[in-house]
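Written below as structure tokens is the structure these notes are about.
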Amino acid sequence: PDGDQIVSGSEDTTIKVWNCRDQREEFSLNGHAGAVVTVTFSPDGKTLASGSEDKSIKVWNVYEQCEQFTLTGHGAVVREVKIHPDGSQIVSCSDDKSIKVWNLRDRREEFSLKSHSGPVKTICISPDGRKIISGSEDQTVKVWNLKNQSEEISLGGHTGAVSTLVISHDGKSLISGSDDNSIKVWDFDKRREEFSLTGHTGRISSLALSSDGKRLLSSSGDRKIKVWNLQSQSEF
């Protein structure tokens, strides 16, 4: 979170933490029995959570460089994990078509959200911690109320699997990337599409927003990284 470290997960089943300043590996974590598909830092940087093809989620202590515990319950590969802004919960999604919310203190599943008709490929949490947003192979983006444990709305428009999501720091804009090669920008408050960005010739694999929310970075199966001006709705 402080920008000093990068964490990566690999098909070799390891997790590596890298020092950005020294451009070196700090340490490696082992424990998964399958490829590590997703890994994320907690807001305070003290904890890592990872998801794997082995269907499990592991929670790691960054300072002690060791595994704390494992969470099991998904029936297929875990595609993405996110830690709640207050650090109390983990949210995960899987090819088993479900989203699960886990209690970090009790080390157990709290509840599961099921409405997607296809594997859930990506999730994000709103900055206020009240909403979960998910993207699926069923080509929809869904918004969930975390407190009520219910779906609020389903957003359609993509013609391919929704592969990646990012929400602005102020919570006003939601951005989705898809296997249809397009990026869509949604008004999160009004729950409607604002505009689309096209230019990639391959599936959108990841998205990142600048801190001021004015620039968007996208990577794609076309082997290109693009930088977009969201105000002019165009590529730089």
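By convention here, the chains of the structure tokens are called A, B, ... in the order presented, each chain's residues are numbered starting at 1, and ligands are numbered starting at 1 in the order presented.
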Between segment 73-112 of chain A and segment 22-41 of chain A, at 9 Å or less, what are the per-residue closest atom pairs and their distances in Å? Count only C-alpha atoms, order by chain and rising residue number, and return it as JSON lines.
{"residue": "A:Val77", "atom": "CA", "partner": "A:Val37", "partner_atom": "CA", "distance": 8.2}
{"residue": "A:Val78", "atom": "CA", "partner": "A:Val37", "partner_atom": "CA", "distance": 7.1}
{"residue": "A:Arg79", "atom": "CA", "partner": "A:Val37", "partner_atom": "CA", "distance": 6.1}
{"residue": "A:Glu80", "atom": "CA", "partner": "A:Thr38", "partner_atom": "CA", "distance": 5.2}
{"residue": "A:Val81", "atom": "CA", "partner": "A:Thr38", "partner_atom": "CA", "distance": 6.4}
{"residue": "A:Lys82", "atom": "CA", "partner": "A:Thr40", "partner_atom": "CA", "distance": 6.5}
{"residue": "A:Ile83", "atom": "CA", "partner": "A:Thr40", "partner_atom": "CA", "distance": 7.4}
Please provide the set of residues having any atom within 9 Å of segment 197-212 of chain A, restricted to only C-alpha atoms, with same-chain residues fewer than 3 positions apart removed, written as an MDAnalysis selection string. chainID A and resid 160 162:169 175:185 215:226 228 233:235
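Around Ser42 of chain A, within 9 Å and counting only C-alpha atoms, the residues found are Pro1, Gly45, Lys46, Thr47, Leu48, Ala49, Lys82, Ile83, His84, Pro85, Asp86 and Gly87 of chain A, once anything fewer than 3 positions away on its own chain is removed.
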Of the residues A:Ile123, A:Ile90, A:Leu146, A:Val62, which is the one nearest to Lys16 of chain A, using only C-alpha atoms? A:Val62
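With only C-alpha atoms as the atoms that count, the minimum distance from Ile125 of chain A to the choices A:Leu155, A:Val101, A:Leu71, A:Cys66 is reached by A:Val101.
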Neighbour list for Val120 of chain A as a list in words, cut-off 8 Å, only C-alpha atoms, skip fewer than 6 positions in-chain: Arg79, Cys93, Ser94, Asp95, Asp96, Lys97, Ser98, Ile99, Ser134, Gly135, Ser136 and Glu137 of chain A
Output C-alpha atoms for every residue in that selection, as a PDB file, in the first residue's frame.
ATOM      1  CA  ARG A  79      -9.990 -16.113  -9.492  1.00  0.00           C
ATOM      2  CA  CYS A  93     -14.733 -15.117  -6.420  1.00  0.00           C
ATOM      3  CA  SER A  94     -14.411 -18.378  -8.260  1.00  0.00           C
ATOM      4  CA  ASP A  95     -15.127 -20.379 -11.367  1.00  0.00           C
ATOM      5  CA  ASP A  96     -17.746 -22.146  -9.221  1.00  0.00           C
ATOM      6  CA  LYS A  97     -19.960 -19.083 -10.021  1.00  0.00           C
ATOM      7  CA  SER A  98     -19.950 -17.844  -6.425  1.00  0.00           C
ATOM      8  CA  ILE A  99     -18.648 -14.943  -4.382  1.00  0.00           C
ATOM      9  CA  SER A 134     -18.406  -8.626  -9.608  1.00  0.00           C
ATOM     10  CA  GLY A 135     -17.772  -9.463 -13.254  1.00  0.00           C
ATOM     11  CA  SER A 136     -18.509 -12.804 -14.866  1.00  0.00           C
ATOM     12  CA  GLU A 137     -18.299 -14.959 -17.944  1.00  0.00           C
TER      13      GLU A 137
END
Hey, which of A:Ser154, A:Thr122, A:Ser88, A:Ser117 ends up closest to Asp138 of chain A? Count only C-alpha atoms. A:Ser117
Report as a ChimeraX atom specification: the residues of segment 85-168 of chain A with a DSSP assignment of strand (DSSP E), based on the backbone of this structure. /A:89-94,98-103,108-114,120-125,131-136,141-145,150-155,162-167
Glu110 of chain A: which residues within 10 Å, counting only C-alpha atoms, same-chain residues fewer than 6 positions away excluded, as a ChimeraX atom specification? /A:89-90,100-104
Export, as an mmCIF file, in the first residue's frame, the selected residues with N, CA and C atoms.
data_model
loop_
_atom_site.group_PDB
_atom_site.id
_atom_site.type_symbol
_atom_site.label_atom_id
_atom_site.label_comp_id
_atom_site.auth_asym_id
_atom_site.auth_seq_id
_atom_site.Cartn_x
_atom_site.Cartn_y
_atom_site.Cartn_z
ATOM 1 N N GLN A 89 -12.594 -8.494 6.622
ATOM 2 C CA GLN A 89 -13.140 -9.541 5.768
ATOM 3 C C GLN A 89 -12.299 -9.728 4.511
ATOM 4 N N ILE A 90 -12.396 -10.932 3.951
ATOM 5 C CA ILE A 90 -11.876 -11.223 2.625
ATOM 6 C C ILE A 90 -13.070 -11.525 1.731
ATOM 7 N N LYS A 100 -17.683 -15.360 -2.196
ATOM 8 C CA LYS A 100 -17.731 -15.694 -0.784
ATOM 9 C C LYS A 100 -17.130 -14.565 0.051
ATOM 10 N N VAL A 101 -17.741 -14.343 1.205
ATOM 11 C CA VAL A 101 -17.246 -13.360 2.163
ATOM 12 C C VAL A 101 -16.795 -14.112 3.407
ATOM 13 N N TRP A 102 -15.548 -13.849 3.812
ATOM 14 C CA TRP A 102 -14.918 -14.575 4.911
ATOM 15 C C TRP A 102 -14.594 -13.624 6.056
ATOM 16 N N ASN A 103 -14.772 -14.106 7.281
ATOM 17 C CA ASN A 103 -14.432 -13.344 8.472
ATOM 18 C C ASN A 103 -12.984 -13.646 8.845
ATOM 19 N N LEU A 104 -12.140 -12.634 8.799
ATOM 20 C CA LEU A 104 -10.713 -12.849 9.064
ATOM 21 C C LEU A 104 -10.428 -13.171 10.529
#
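Nearest to Asp187 of chain A of all the residues A:Thr70, A:Ser173, A:Gln65, A:Ser115 is A:Ser173, counting only C-alpha atoms.
Near Arg191 of chain A, within 10 Å and counting only C-alpha atoms, sit Val143, Glu152, Ile153, Ser154, Leu155, Lys172, Ser173, Leu174, Trp186, Asp187, Phe188, Asp189, Glu193 and Glu194 of chain A, not including residues fewer than 2 positions from it in the same chain.
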For the residues selected in the previous step, produce a file with all heavy atoms as a compact mmCIF listing (two decimals), in the first residue's frame.
# COMPACT_ATOMS: atom_id res chain seq x y z
N VAL A 143 -23.76 -5.58 -8.82
CA VAL A 143 -23.47 -4.81 -7.61
C VAL A 143 -24.24 -5.44 -6.46
O VAL A 143 -25.45 -5.69 -6.56
CB VAL A 143 -23.88 -3.33 -7.78
CG1 VAL A 143 -23.56 -2.54 -6.50
CG2 VAL A 143 -23.17 -2.70 -8.98
N GLU A 152 -28.03 -5.91 -5.83
CA GLU A 152 -28.76 -4.66 -6.03
C GLU A 152 -29.14 -4.45 -7.50
O GLU A 152 -30.25 -4.03 -7.82
CB GLU A 152 -27.94 -3.47 -5.54
CG GLU A 152 -27.84 -3.38 -4.04
CD GLU A 152 -27.26 -2.07 -3.55
OE1 GLU A 152 -26.67 -1.32 -4.37
OE2 GLU A 152 -27.38 -1.80 -2.36
N ILE A 153 -28.18 -4.71 -8.39
CA ILE A 153 -28.43 -4.47 -9.81
C ILE A 153 -27.47 -5.29 -10.66
O ILE A 153 -26.36 -5.62 -10.22
CB ILE A 153 -28.31 -2.97 -10.15
CG1 ILE A 153 -28.90 -2.66 -11.53
CG2 ILE A 153 -26.86 -2.50 -10.04
CD1 ILE A 153 -29.03 -1.18 -11.84
N SER A 154 -27.90 -5.62 -11.85
CA SER A 154 -27.05 -6.30 -12.83
C SER A 154 -26.91 -5.38 -14.04
O SER A 154 -27.92 -4.88 -14.57
CB SER A 154 -27.67 -7.64 -13.24
OG SER A 154 -26.84 -8.33 -14.13
N LEU A 155 -25.68 -5.14 -14.45
CA LEU A 155 -25.39 -4.23 -15.55
C LEU A 155 -24.95 -5.03 -16.77
O LEU A 155 -23.98 -5.79 -16.71
CB LEU A 155 -24.30 -3.24 -15.16
CG LEU A 155 -24.59 -2.38 -13.92
CD1 LEU A 155 -23.34 -1.61 -13.49
CD2 LEU A 155 -25.74 -1.41 -14.20
N LYS A 172 -17.25 7.06 -7.46
CA LYS A 172 -18.24 7.56 -8.40
C LYS A 172 -18.21 6.85 -9.75
O LYS A 172 -19.22 6.81 -10.46
CB LYS A 172 -18.05 9.06 -8.61
CG LYS A 172 -18.35 9.89 -7.36
CD LYS A 172 -18.18 11.38 -7.63
CE LYS A 172 -18.51 12.20 -6.40
NZ LYS A 172 -18.33 13.67 -6.65
N SER A 173 -17.05 6.32 -10.13
CA SER A 173 -16.91 5.67 -11.44
C SER A 173 -16.46 4.23 -11.28
O SER A 173 -15.52 3.94 -10.53
CB SER A 173 -15.91 6.42 -12.32
OG SER A 173 -16.37 7.71 -12.64
N LEU A 174 -17.12 3.35 -11.99
CA LEU A 174 -16.75 1.95 -12.06
C LEU A 174 -16.30 1.66 -13.48
O LEU A 174 -16.94 2.11 -14.44
CB LEU A 174 -17.95 1.07 -11.69
CG LEU A 174 -17.76 -0.44 -11.86
CD1 LEU A 174 -16.76 -0.97 -10.84
CD2 LEU A 174 -19.09 -1.17 -11.73
N TRP A 186 -18.72 3.27 -16.08
CA TRP A 186 -20.08 3.33 -15.56
C TRP A 186 -20.18 4.42 -14.49
O TRP A 186 -19.26 4.61 -13.70
CB TRP A 186 -20.47 2.00 -14.92
CG TRP A 186 -20.21 0.79 -15.76
CD1 TRP A 186 -19.03 0.12 -15.92
CD2 TRP A 186 -21.16 0.08 -16.56
NE1 TRP A 186 -19.18 -0.96 -16.76
CE2 TRP A 186 -20.48 -1.02 -17.16
CE3 TRP A 186 -22.54 0.23 -16.80
CZ2 TRP A 186 -21.13 -1.93 -18.01
CZ3 TRP A 186 -23.17 -0.68 -17.64
CH2 TRP A 186 -22.47 -1.74 -18.23
N ASP A 187 -21.31 5.12 -14.48
CA ASP A 187 -21.63 6.01 -13.37
C ASP A 187 -22.13 5.12 -12.23
O ASP A 187 -23.20 4.53 -12.32
CB ASP A 187 -22.72 7.01 -13.79
CG ASP A 187 -23.02 8.04 -12.72
OD1 ASP A 187 -23.21 7.63 -11.55
OD2 ASP A 187 -23.10 9.23 -13.03
N PHE A 188 -21.32 5.00 -11.18
CA PHE A 188 -21.65 4.04 -10.13
C PHE A 188 -22.87 4.46 -9.32
O PHE A 188 -23.65 3.62 -8.87
CB PHE A 188 -20.45 3.83 -9.20
CG PHE A 188 -20.61 2.66 -8.28
CD1 PHE A 188 -20.73 1.38 -8.78
CD2 PHE A 188 -20.63 2.85 -6.91
CE1 PHE A 188 -20.88 0.29 -7.92
CE2 PHE A 188 -20.77 1.78 -6.04
CZ PHE A 188 -20.91 0.49 -6.56
N ASP A 189 -23.06 5.77 -9.14
CA ASP A 189 -24.22 6.25 -8.39
C ASP A 189 -25.52 6.01 -9.15
O ASP A 189 -26.51 5.56 -8.58
CB ASP A 189 -24.07 7.74 -8.07
CG ASP A 189 -22.97 8.01 -7.06
OD1 ASP A 189 -22.71 7.13 -6.22
OD2 ASP A 189 -22.37 9.11 -7.12
N GLU A 193 -24.15 3.01 -17.84
CA GLU A 193 -22.94 3.18 -18.64
C GLU A 193 -22.80 4.63 -19.08
O GLU A 193 -23.77 5.24 -19.55
CB GLU A 193 -22.97 2.26 -19.86
CG GLU A 193 -21.73 2.35 -20.72
CD GLU A 193 -21.80 1.48 -21.96
OE1 GLU A 193 -22.57 0.48 -21.96
OE2 GLU A 193 -21.10 1.79 -22.95
N GLU A 194 -21.60 5.16 -18.94
CA GLU A 194 -21.31 6.52 -19.41
C GLU A 194 -20.72 6.48 -20.81
O GLU A 194 -21.18 7.19 -21.70
CB GLU A 194 -20.35 7.22 -18.45
CG GLU A 194 -20.97 7.59 -17.12
CD GLU A 194 -20.06 8.50 -16.31
OE1 GLU A 194 -18.98 8.04 -15.88
OE2 GLU A 194 -20.42 9.68 -16.13
